[in-house]
$ cat query.tsv   # TSV, C-alpha atoms
chain	number	residue	atom	x	y	z
A	323	GLY	CA	8.85	12.03	-7.40
A	324	ALA	CA	8.75	14.86	-9.89
A	325	GLY	CA	6.74	14.42	-13.03
A	326	VAL	CA	7.39	15.71	-16.52
A	327	SER	CA	7.85	19.46	-16.54
A	328	GLN	CA	7.60	21.86	-19.45
A	329	SER	CA	8.50	25.48	-19.89
A	330	PRO	CA	7.26	28.03	-20.54
A	331	SER	CA	3.67	27.23	-19.67
A	332	ASN	CA	2.48	29.92	-22.06
A	333	LYS	CA	4.21	31.61	-24.96
A	334	VAL	CA	2.94	34.41	-27.17
A	335	THR	CA	5.00	35.25	-30.21
A	336	GLU	CA	4.73	37.14	-33.44
A	337	LYS	CA	4.48	35.45	-36.80
A	338	GLY	CA	7.92	34.81	-38.23
A	339	LYS	CA	9.74	34.59	-34.91
A	340	ASP	CA	11.51	31.45	-33.67
A	341	VAL	CA	10.44	29.77	-30.43
A	342	GLU	CA	11.98	27.13	-28.19
A	343	LEU	CA	9.94	24.88	-25.94
A	344	ARG	CA	11.58	22.88	-23.19
A	345	CYS	CA	10.77	19.49	-21.68
A	346	ASP	CA	12.30	17.91	-18.58
A	347	PRO	CA	11.35	14.23	-18.49
A	348	ILE	CA	11.04	12.07	-15.43
A	349	SER	CA	14.49	11.15	-14.18
A	350	GLY	CA	15.67	7.84	-15.60
A	351	HIS	CA	13.16	7.73	-18.43
A	352	THR	CA	14.91	6.84	-21.68
A	353	ALA	CA	12.04	7.59	-24.04
A	354	LEU	CA	10.72	11.08	-24.73
A	355	TYR	CA	7.85	12.12	-26.99
A	356	TRP	CA	6.47	15.41	-28.29
A	357	TYR	CA	2.82	15.77	-29.28
A	358	ARG	CA	0.76	18.72	-30.45
A	359	GLN	CA	-2.84	19.43	-29.50
A	360	SER	CA	-4.70	21.86	-31.73
A	361	LEU	CA	-8.32	22.62	-32.44
A	362	GLY	CA	-8.07	21.64	-36.05
A	363	GLN	CA	-5.89	18.53	-35.84
A	364	GLY	CA	-6.57	17.13	-32.38
A	365	LEU	CA	-3.72	15.33	-30.64
A	366	GLU	CA	-0.91	14.33	-32.97
A	367	PHE	CA	2.53	12.78	-32.58
A	368	LEU	CA	5.52	14.91	-33.54
A	369	ILE	CA	8.79	13.22	-32.60
A	370	TYR	CA	10.17	10.41	-30.44
A	371	PHE	CA	13.58	9.93	-28.82
A	372	GLN	CA	14.77	6.63	-27.43
A	373	GLY	CA	18.13	6.49	-25.73
A	374	ASN	CA	20.97	7.14	-28.16
A	375	SER	CA	19.03	6.00	-31.21
A	376	ALA	CA	18.20	8.32	-34.08
A	377	PRO	CA	14.91	10.06	-33.31
A	378	ASP	CA	11.69	9.16	-35.09
A	379	LYS	CA	10.78	12.47	-36.76
A	380	SER	CA	7.93	11.10	-38.81
A	381	GLY	CA	5.31	13.36	-37.22
A	382	LEU	CA	7.02	16.71	-37.71
A	383	PRO	CA	4.71	18.78	-39.94
A	384	SER	CA	7.40	20.77	-41.73
A	385	ASP	CA	11.13	21.47	-41.79
A	386	ARG	CA	10.49	24.51	-39.61
A	387	PHE	CA	10.13	22.08	-36.72
A	388	SER	CA	13.11	20.44	-35.09
A	389	ALA	CA	13.95	18.92	-31.74
A	390	GLU	CA	16.96	17.77	-29.86
A	391	ARG	CA	17.61	15.89	-26.69
A	392	THR	CA	20.82	16.65	-24.89
A	393	GLY	CA	22.52	14.12	-22.65
A	394	GLY	CA	19.57	11.79	-22.90
A	395	SER	CA	17.51	14.04	-20.67
A	396	VAL	CA	16.17	17.51	-21.44
A	397	SER	CA	14.60	18.10	-24.83
A	398	THR	CA	14.00	21.29	-26.76
A	399	LEU	CA	11.45	21.64	-29.54
A	400	THR	CA	12.25	24.53	-31.86
A	401	ILE	CA	9.83	26.10	-34.29
A	402	GLN	CA	11.41	28.48	-36.79
A	403	ARG	CA	9.56	31.27	-38.58
A	404	THR	CA	6.36	30.57	-36.67
A	405	GLN	CA	3.03	30.68	-38.47
A	406	GLN	CA	-0.43	31.22	-37.04
A	407	GLU	CA	-1.30	27.58	-37.68
A	408	ASP	CA	1.46	26.61	-35.24
A	409	SER	CA	-0.73	27.90	-32.40
A	410	ALA	CA	-1.44	24.88	-30.23
A	411	VAL	CA	-0.59	23.18	-26.97
A	412	TYR	CA	2.66	21.27	-27.20
A	413	LEU	CA	2.77	18.27	-24.90
A	414	CYS	CA	5.81	16.31	-23.86
A	415	ALA	CA	5.72	12.78	-22.46
A	416	SER	CA	8.32	10.38	-21.15
A	417	SER	CA	8.42	6.66	-20.63
A	418	ARG	CA	10.81	4.47	-18.72
A	419	THR	CA	11.78	2.28	-21.64
A	420	GLY	CA	9.67	3.27	-24.61
A	421	LEU	CA	7.51	0.19	-24.10
A	422	GLU	CA	5.76	1.39	-21.00
A	423	THR	CA	3.25	3.99	-19.96
A	424	GLN	CA	3.85	7.53	-21.17
A	425	TYR	CA	3.58	10.25	-18.56
A	426	PHE	CA	2.60	13.66	-19.85
A	427	GLY	CA	3.67	17.11	-18.83
A	428	PRO	CA	1.23	20.03	-18.45
A	429	GLY	CA	2.05	21.38	-21.90
A	430	THR	CA	3.16	24.68	-23.37
A	431	ARG	CA	0.38	26.80	-24.85
A	432	LEU	CA	1.75	28.60	-27.90
A	433	LEU	CA	-0.07	31.52	-29.49
A	434	VAL	CA	1.28	32.98	-32.71
A	435	LEU	CA	-0.11	36.42	-33.51
B	1443	ALA	CA	-1.24	2.47	-40.10
B	1444	GLN	CA	-3.27	2.92	-36.99
B	1445	SER	CA	-6.35	4.98	-36.36
B	1446	VAL	CA	-8.83	5.63	-33.58
B	1447	THR	CA	-12.42	6.77	-33.80
B	1448	GLN	CA	-14.31	8.08	-30.82
B	1449	LEU	CA	-18.05	8.29	-31.33
B	1450	GLY	CA	-19.48	11.51	-29.97
B	1451	SER	CA	-17.38	14.59	-29.36
B	1452	HIS	CA	-19.63	15.56	-26.44
B	1453	VAL	CA	-21.50	13.40	-23.94
B	1454	SER	CA	-23.81	14.64	-21.21
B	1455	VAL	CA	-24.67	12.40	-18.27
B	1456	SER	CA	-26.51	12.88	-15.01
B	1457	GLU	CA	-24.65	12.45	-11.76
B	1458	GLY	CA	-25.00	8.81	-10.71
B	1459	ALA	CA	-25.76	7.59	-14.23
B	1460	LEU	CA	-23.68	5.24	-16.36
B	1461	VAL	CA	-20.83	6.75	-18.33
B	1462	LEU	CA	-20.16	5.06	-21.67
B	1463	LEU	CA	-17.54	6.41	-24.06
B	1464	ARG	CA	-17.05	4.59	-27.34
B	1465	CYS	CA	-13.75	3.89	-29.03
B	1466	ASN	CA	-13.01	1.86	-32.15
B	1467	TYR	CA	-9.52	1.30	-33.46
B	1468	SER	CA	-7.73	0.09	-36.53
B	1469	SER	CA	-4.33	-1.54	-36.32
B	1470	SER	CA	-2.40	-3.94	-38.53
B	1471	VAL	CA	-0.75	-5.60	-35.53
B	1472	PRO	CA	-1.97	-6.48	-32.05
B	1473	PRO	CA	-2.41	-3.11	-30.43
B	1474	TYR	CA	-1.81	-1.54	-27.10
B	1475	LEU	CA	-4.87	0.56	-26.18
B	1476	PHE	CA	-5.18	3.41	-23.74
B	1477	TRP	CA	-7.67	5.82	-22.25
B	1478	TYR	CA	-6.38	9.17	-21.06
B	1479	VAL	CA	-8.27	11.94	-19.28
B	1480	GLN	CA	-7.53	15.65	-19.56
B	1481	TYR	CA	-8.82	18.17	-17.07
B	1482	PRO	CA	-8.94	21.84	-18.09
B	1483	ASN	CA	-5.51	23.37	-18.64
B	1484	GLN	CA	-3.75	20.19	-17.61
B	1485	GLY	CA	-1.81	17.45	-19.35
B	1486	LEU	CA	-3.04	13.94	-20.03
B	1487	GLN	CA	-3.46	11.44	-17.22
B	1488	LEU	CA	-3.60	7.70	-17.87
B	1489	LEU	CA	-6.89	6.10	-16.83
B	1490	LEU	CA	-6.14	2.57	-17.96
B	1491	LYS	CA	-4.37	0.51	-20.60
B	1492	TYR	CA	-4.71	-2.79	-22.42
B	1493	THR	CA	-1.48	-4.59	-23.28
B	1494	SER	CA	-2.68	-8.07	-24.34
B	1495	ALA	CA	-3.35	-9.47	-20.89
B	1496	ALA	CA	-6.89	-9.52	-19.48
B	1497	THR	CA	-9.49	-8.13	-21.88
B	1498	LEU	CA	-11.38	-6.35	-19.09
B	1499	VAL	CA	-9.16	-3.64	-17.74
B	1500	LYS	CA	-9.81	-1.70	-14.56
B	1501	GLY	CA	-8.38	1.75	-14.12
B	1502	ILE	CA	-8.39	4.64	-11.73
B	1503	ASN	CA	-11.45	6.51	-10.46
B	1504	GLY	CA	-13.78	3.55	-11.03
B	1505	PHE	CA	-13.35	3.38	-14.80
B	1506	GLU	CA	-12.98	0.20	-16.77
B	1507	ALA	CA	-12.75	-0.79	-20.42
B	1508	GLU	CA	-13.18	-4.01	-22.34
B	1509	PHE	CA	-11.06	-4.99	-25.33
B	1510	LYS	CA	-13.16	-6.72	-27.98
B	1511	LYS	CA	-10.99	-7.87	-30.86
B	1512	SER	CA	-13.93	-9.02	-32.99
B	1513	GLU	CA	-15.47	-5.55	-32.79
B	1514	THR	CA	-12.13	-3.67	-32.77
B	1515	SER	CA	-13.51	-1.74	-29.82
B	1516	PHE	CA	-12.24	-0.53	-26.47
B	1517	HIS	CA	-15.19	1.26	-24.87
B	1518	LEU	CA	-14.78	3.03	-21.52
B	1519	THR	CA	-17.41	2.75	-18.79
B	1520	LYS	CA	-18.08	3.89	-15.27
B	1521	PRO	CA	-21.21	2.69	-13.46
B	1522	SER	CA	-21.97	5.94	-11.65
B	1523	ALA	CA	-20.85	9.37	-12.82
B	1524	HIS	CA	-19.47	11.88	-10.38
B	1525	MET	CA	-19.21	15.63	-10.87
B	1526	SER	CA	-15.42	15.28	-10.82
B	1527	ASP	CA	-15.60	13.12	-13.98
B	1528	ALA	CA	-16.27	16.19	-16.09
B	1529	ALA	CA	-13.27	16.31	-18.41
B	1530	GLU	CA	-12.13	15.34	-21.90
B	1531	TYR	CA	-11.33	11.71	-22.57
B	1532	PHE	CA	-9.01	10.39	-25.25
B	1533	CYS	CA	-8.68	6.88	-26.58
B	1534	ALA	CA	-5.31	6.00	-28.07
B	1535	VAL	CA	-3.57	3.11	-29.80
B	1536	SER	CA	0.11	2.34	-30.11
B	1537	GLU	CA	2.32	-0.24	-31.76
B	1538	ARG	CA	5.15	-1.65	-29.69
B	1539	ALA	CA	7.38	-1.96	-32.72
B	1540	ALA	CA	6.93	1.75	-33.45
B	1541	GLY	CA	8.25	2.93	-30.10
B	1542	ASN	CA	4.77	3.03	-28.70
B	1543	LYS	CA	4.06	6.44	-30.17
B	1544	LEU	CA	0.40	7.13	-29.58
B	1545	THR	CA	-2.30	7.74	-32.16
B	1546	PHE	CA	-5.24	9.48	-30.53
B	1547	GLY	CA	-8.92	9.68	-31.22
B	1548	GLY	CA	-10.62	13.05	-31.46
B	1549	GLY	CA	-11.63	13.09	-27.82
B	1550	THR	CA	-14.98	13.10	-26.01
B	1551	ARG	CA	-15.87	15.89	-23.66
B	1552	VAL	CA	-18.01	14.71	-20.75
B	1553	LEU	CA	-20.44	17.01	-18.99
B	1554	VAL	CA	-21.95	15.81	-15.71
B	1555	LYS	CA	-25.29	17.30	-14.73
B	1556	PRO	CA	-26.29	17.45	-11.07
$ encode --input "query.tsv" --output "structure tokens"
Amino acid sequence: GAGVSQSPSNKVTEKGKDVELRCDPISGHTALYWYRQSLGQGLEFLIYFQGNSAPDKSGLPSDRFSAERTGGSVSTLTIQRTQQEDSAVYLCASSRTGLETQYFGPGTRLLVL
Amino acid sequence: AQSVTQLGSHVSVSEGALVLLRCNYSSSVPPYLFWYVQYPNQGLQLLLKYTSAATLVKGINGFEAEFKKSETSFHLTKPSAHMSDAAEYFCAVSERAAGNKLTFGGGTRVLVKP
């Protein structure tokens, strides 16, 4: 079946603009995760959604970052007033129950000029 | 808090030689441990995982890893490297009680020489 998909695959934006990154998890997966991969910080956890529970936002680096998950499926990561240090690959993963293997999407490569 | 240390950011091996990638972890509770591989411009693919069953775990593409609690290690090995093994490898740890969010090591890039 289909894996995790993310869009866009690449995004170039200007400093100060807002961006939205989209993640479509594997159908039926209740858990969804966002991670960021950057040269300076490596791979780091951002946020985790599990079913209808309140999300775990403990990894969000600043209040410019937010995410939502509508209908328990698609998720959108929003970065407001982008900064050059936000340039990174943003990876989404989903898991069937939150206790099982996470399957990763191909990522969105964000470049802030 | 959890942490993962991967020794060596770059490893070069000859085709047919042993691949050994080192991973040490720190966790306050019994961990789940993972190895992921990332090919250029792709997402992460699970190689194998340890979830408190057998300490020697076999994964895809001929890789295996051994969980050693006394050494807090989870090193990845493959007896004979293939050109297709050239990629970046990440060790990760998670805590079940924390939703299994992953904490990654810094990654090891493997170069395979013909």
$ interface_residues --input "query.tsv" --of "chain B" --to "chain A" --cutoff "6 Å" --atoms "only C-alpha atoms" --output "list in words"
Gln1484, Gly1485, Leu1486, Gly1541 and Gly1548 of chain B
$ atom_distance --input "query.tsv" --atom1 "CA of Leu1544 (chain B)" --atom2 "CA of Leu435 (chain A)"
29.6 Å
$ closest_residue --input "query.tsv" --among "B:Arg1551, B:His1517, B:Lys1543, B:His1524" --to "Gly1450 (chain B)" --atoms "all atoms listed in the file"
B:Arg1551
$ residues_around --input "query.tsv" --residues "Lys1520 (chain B)" --least-positions-apart "4" --cutoff "12 Å" --atoms "only C-alpha atoms" --output "list in words"
Val1455, Glu1457, Gly1458, Ala1459, Leu1460, Val1461, Leu1462, Leu1463, Leu1489, Val1499, Lys1500, Gly1501, Ile1502, Asn1503, Gly1504, Phe1505, Glu1506, Ala1507, Glu1508, His1524 and Asp1527 of chain B
$ atom_distance --input "query.tsv" --atom1 "CA of Phe1546 (chain B)" --atom2 "CA of Cys1465 (chain B)"
10.3 Å
$ atom_distance --input "query.tsv" --atom1 "CA of Ser395 (chain A)" --atom2 "CA of Pro347 (chain A)"
6.5 Å
$ residues_around --input "query.tsv" --residues "region 401-407 of chain A" --least-positions-apart "5" --cutoff "10 Å" --atoms "all atoms listed in the file" --output "PDB file with C-alpha atoms, in the coordinates of the input"
ATOM      1  CA  THR A 335       5.000  35.250 -30.210  1.00  0.00           C
ATOM      2  CA  GLU A 336       4.730  37.140 -33.440  1.00  0.00           C
ATOM      3  CA  LYS A 337       4.480  35.450 -36.800  1.00  0.00           C
ATOM      4  CA  GLY A 338       7.920  34.810 -38.230  1.00  0.00           C
ATOM      5  CA  LYS A 339       9.740  34.590 -34.910  1.00  0.00           C
ATOM      6  CA  ASP A 340      11.510  31.450 -33.670  1.00  0.00           C
ATOM      7  CA  VAL A 341      10.440  29.770 -30.430  1.00  0.00           C
ATOM      8  CA  GLU A 342      11.980  27.130 -28.190  1.00  0.00           C
ATOM      9  CA  LEU A 343       9.940  24.880 -25.940  1.00  0.00           C
ATOM     10  CA  SER A 360      -4.700  21.860 -31.730  1.00  0.00           C
ATOM     11  CA  GLY A 362      -8.070  21.640 -36.050  1.00  0.00           C
ATOM     12  CA  SER A 384       7.400  20.770 -41.730  1.00  0.00           C
ATOM     13  CA  ASP A 385      11.130  21.470 -41.790  1.00  0.00           C
ATOM     14  CA  ARG A 386      10.490  24.510 -39.610  1.00  0.00           C
ATOM     15  CA  PHE A 387      10.130  22.080 -36.720  1.00  0.00           C
ATOM     16  CA  SER A 388      13.110  20.440 -35.090  1.00  0.00           C
ATOM     17  CA  ALA A 389      13.950  18.920 -31.740  1.00  0.00           C
ATOM     18  CA  LEU A 432       1.750  28.600 -27.900  1.00  0.00           C
ATOM     19  CA  LEU A 433      -0.070  31.520 -29.490  1.00  0.00           C
ATOM     20  CA  VAL A 434       1.280  32.980 -32.710  1.00  0.00           C
ATOM     21  CA  LEU A 435      -0.110  36.420 -33.510  1.00  0.00           C
TER      22      LEU A 435
END
$ closest_residue --input "query.tsv" --among "B:Ala1443, B:Cys1533, B:Val1453, B:Val1552" --to "Lys1491 (chain B)" --atoms "only C-alpha atoms"
B:Cys1533
$ residues_around --input "query.tsv" --residues "Ser1454 (chain B)" --least-positions-apart "3" --cutoff "8 Å" --atoms "all atoms listed in the file" --output "mmCIF file with C-alpha atoms, in the frame of the given file"
data_model
loop_
_atom_site.group_PDB
_atom_site.id
_atom_site.type_symbol
_atom_site.label_atom_id
_atom_site.label_comp_id
_atom_site.auth_asym_id
_atom_site.auth_seq_id
_atom_site.Cartn_x
_atom_site.Cartn_y
_atom_site.Cartn_z
ATOM 1 C CA VAL B 1552 -18.010 14.710 -20.750
ATOM 2 C CA LEU B 1553 -20.440 17.010 -18.990
ATOM 3 C CA VAL B 1554 -21.950 15.810 -15.710
ATOM 4 C CA LYS B 1555 -25.290 17.300 -14.730
#
$ closest_residue --input "query.tsv" --among "B:Leu1488, B:Ala1496, B:Ala1529, B:Val1535" --to "Ser1470 (chain B)" --atoms "only C-alpha atoms"
B:Val1535
$ closest_residue --input "query.tsv" --among "B:Phe1516, B:Ser1522, B:Gly1547, B:Asn1542" --to "Ser1456 (chain B)" --atoms "all atoms listed in the file"
B:Ser1522
$ closest_residue --input "query.tsv" --among "A:Gly350, A:Thr398, A:Arg391, A:Cys345" --to "Ala376 (chain A)" --atoms "all atoms listed in the file"
A:Arg391
$ decode --input "query.tsv" --residues "region 1533-1549 of chain B" --atoms "N, CA, C and O atoms" --output "PDB file, in the first residue's frame"
ATOM      1  N   CYS B1533      21.355   5.472  14.429  1.00  0.00           N
ATOM      2  CA  CYS B1533      20.902   4.708  15.580  1.00  0.00           C
ATOM      3  C   CYS B1533      19.923   5.580  16.358  1.00  0.00           C
ATOM      4  O   CYS B1533      20.104   6.810  16.428  1.00  0.00           O
ATOM      5  N   ALA B1534      18.881   4.972  16.907  1.00  0.00           N
ATOM      6  CA  ALA B1534      17.887   5.750  17.633  1.00  0.00           C
ATOM      7  C   ALA B1534      17.375   4.967  18.833  1.00  0.00           C
ATOM      8  O   ALA B1534      17.378   3.729  18.843  1.00  0.00           O
ATOM      9  N   VAL B1535      16.926   5.696  19.832  1.00  0.00           N
ATOM     10  CA  VAL B1535      16.344   5.109  21.037  1.00  0.00           C
ATOM     11  C   VAL B1535      14.984   5.736  21.280  1.00  0.00           C
ATOM     12  O   VAL B1535      14.748   6.895  20.926  1.00  0.00           O
ATOM     13  N   SER B1536      14.076   4.969  21.840  1.00  0.00           N
ATOM     14  CA  SER B1536      12.773   5.538  22.191  1.00  0.00           C
ATOM     15  C   SER B1536      12.314   4.962  23.523  1.00  0.00           C
ATOM     16  O   SER B1536      12.800   3.920  23.967  1.00  0.00           O
ATOM     17  N   GLU B1537      11.400   5.641  24.148  1.00  0.00           N
ATOM     18  CA  GLU B1537      10.772   5.173  25.373  1.00  0.00           C
ATOM     19  C   GLU B1537       9.295   4.952  25.093  1.00  0.00           C
ATOM     20  O   GLU B1537       8.609   5.855  24.624  1.00  0.00           O
ATOM     21  N   ARG B1538       8.833   3.749  25.396  1.00  0.00           N
ATOM     22  CA  ARG B1538       7.441   3.423  25.113  1.00  0.00           C
ATOM     23  C   ARG B1538       6.484   4.377  25.807  1.00  0.00           C
ATOM     24  O   ARG B1538       5.463   4.777  25.264  1.00  0.00           O
ATOM     25  N   ALA B1539       6.823   4.754  27.021  1.00  0.00           N
ATOM     26  CA  ALA B1539       5.932   5.617  27.785  1.00  0.00           C
ATOM     27  C   ALA B1539       5.873   7.018  27.216  1.00  0.00           C
ATOM     28  O   ALA B1539       4.993   7.794  27.564  1.00  0.00           O
ATOM     29  N   ALA B1540       6.809   7.369  26.361  1.00  0.00           N
ATOM     30  CA  ALA B1540       6.861   8.718  25.784  1.00  0.00           C
ATOM     31  C   ALA B1540       6.375   8.708  24.346  1.00  0.00           C
ATOM     32  O   ALA B1540       6.805   9.528  23.547  1.00  0.00           O
ATOM     33  N   GLY B1541       5.481   7.766  24.024  1.00  0.00           N
ATOM     34  CA  GLY B1541       4.928   7.726  22.681  1.00  0.00           C
ATOM     35  C   GLY B1541       5.901   7.241  21.644  1.00  0.00           C
ATOM     36  O   GLY B1541       5.682   7.393  20.442  1.00  0.00           O
ATOM     37  N   ASN B1542       6.998   6.685  22.124  1.00  0.00           N
ATOM     38  CA  ASN B1542       7.993   6.144  21.205  1.00  0.00           C
ATOM     39  C   ASN B1542       8.634   7.193  20.319  1.00  0.00           C
ATOM     40  O   ASN B1542       9.150   6.878  19.251  1.00  0.00           O
ATOM     41  N   LYS B1543       8.602   8.462  20.718  1.00  0.00           N
ATOM     42  CA  LYS B1543       9.314   9.445  19.914  1.00  0.00           C
ATOM     43  C   LYS B1543      10.804   9.100  19.947  1.00  0.00           C
ATOM     44  O   LYS B1543      11.348   8.706  20.975  1.00  0.00           O
ATOM     45  N   LEU B1544      11.425   9.252  18.798  1.00  0.00           N
ATOM     46  CA  LEU B1544      12.789   8.786  18.617  1.00  0.00           C
ATOM     47  C   LEU B1544      13.810   9.872  18.934  1.00  0.00           C
ATOM     48  O   LEU B1544      13.635  11.027  18.558  1.00  0.00           O
ATOM     49  N   THR B1545      14.864   9.458  19.622  1.00  0.00           N
ATOM     50  CA  THR B1545      16.052  10.298  19.800  1.00  0.00           C
ATOM     51  C   THR B1545      17.165   9.668  18.984  1.00  0.00           C
ATOM     52  O   THR B1545      17.499   8.488  19.192  1.00  0.00           O
ATOM     53  N   PHE B1546      17.720  10.435  18.067  1.00  0.00           N
ATOM     54  CA  PHE B1546      18.688   9.904  17.114  1.00  0.00           C
ATOM     55  C   PHE B1546      20.128  10.240  17.494  1.00  0.00           C
ATOM     56  O   PHE B1546      20.403  11.274  18.106  1.00  0.00           O
ATOM     57  N   GLY B1547      21.020   9.372  17.051  1.00  0.00           N
ATOM     58  CA  GLY B1547      22.432   9.701  17.078  1.00  0.00           C
ATOM     59  C   GLY B1547      22.762  10.601  15.899  1.00  0.00           C
ATOM     60  O   GLY B1547      21.904  10.904  15.067  1.00  0.00           O
ATOM     61  N   GLY B1548      24.010  11.001  15.827  1.00  0.00           N
ATOM     62  CA  GLY B1548      24.428  11.963  14.811  1.00  0.00           C
ATOM     63  C   GLY B1548      24.567  11.386  13.415  1.00  0.00           C
ATOM     64  O   GLY B1548      24.738  12.134  12.454  1.00  0.00           O
ATOM     65  N   GLY B1549      24.498  10.071  13.305  1.00  0.00           N
ATOM     66  CA  GLY B1549      24.587   9.446  11.997  1.00  0.00           C
ATOM     67  C   GLY B1549      26.009   9.064  11.629  1.00  0.00           C
ATOM     68  O   GLY B1549      26.986   9.704  12.048  1.00  0.00           O
TER      69      GLY B1549
END
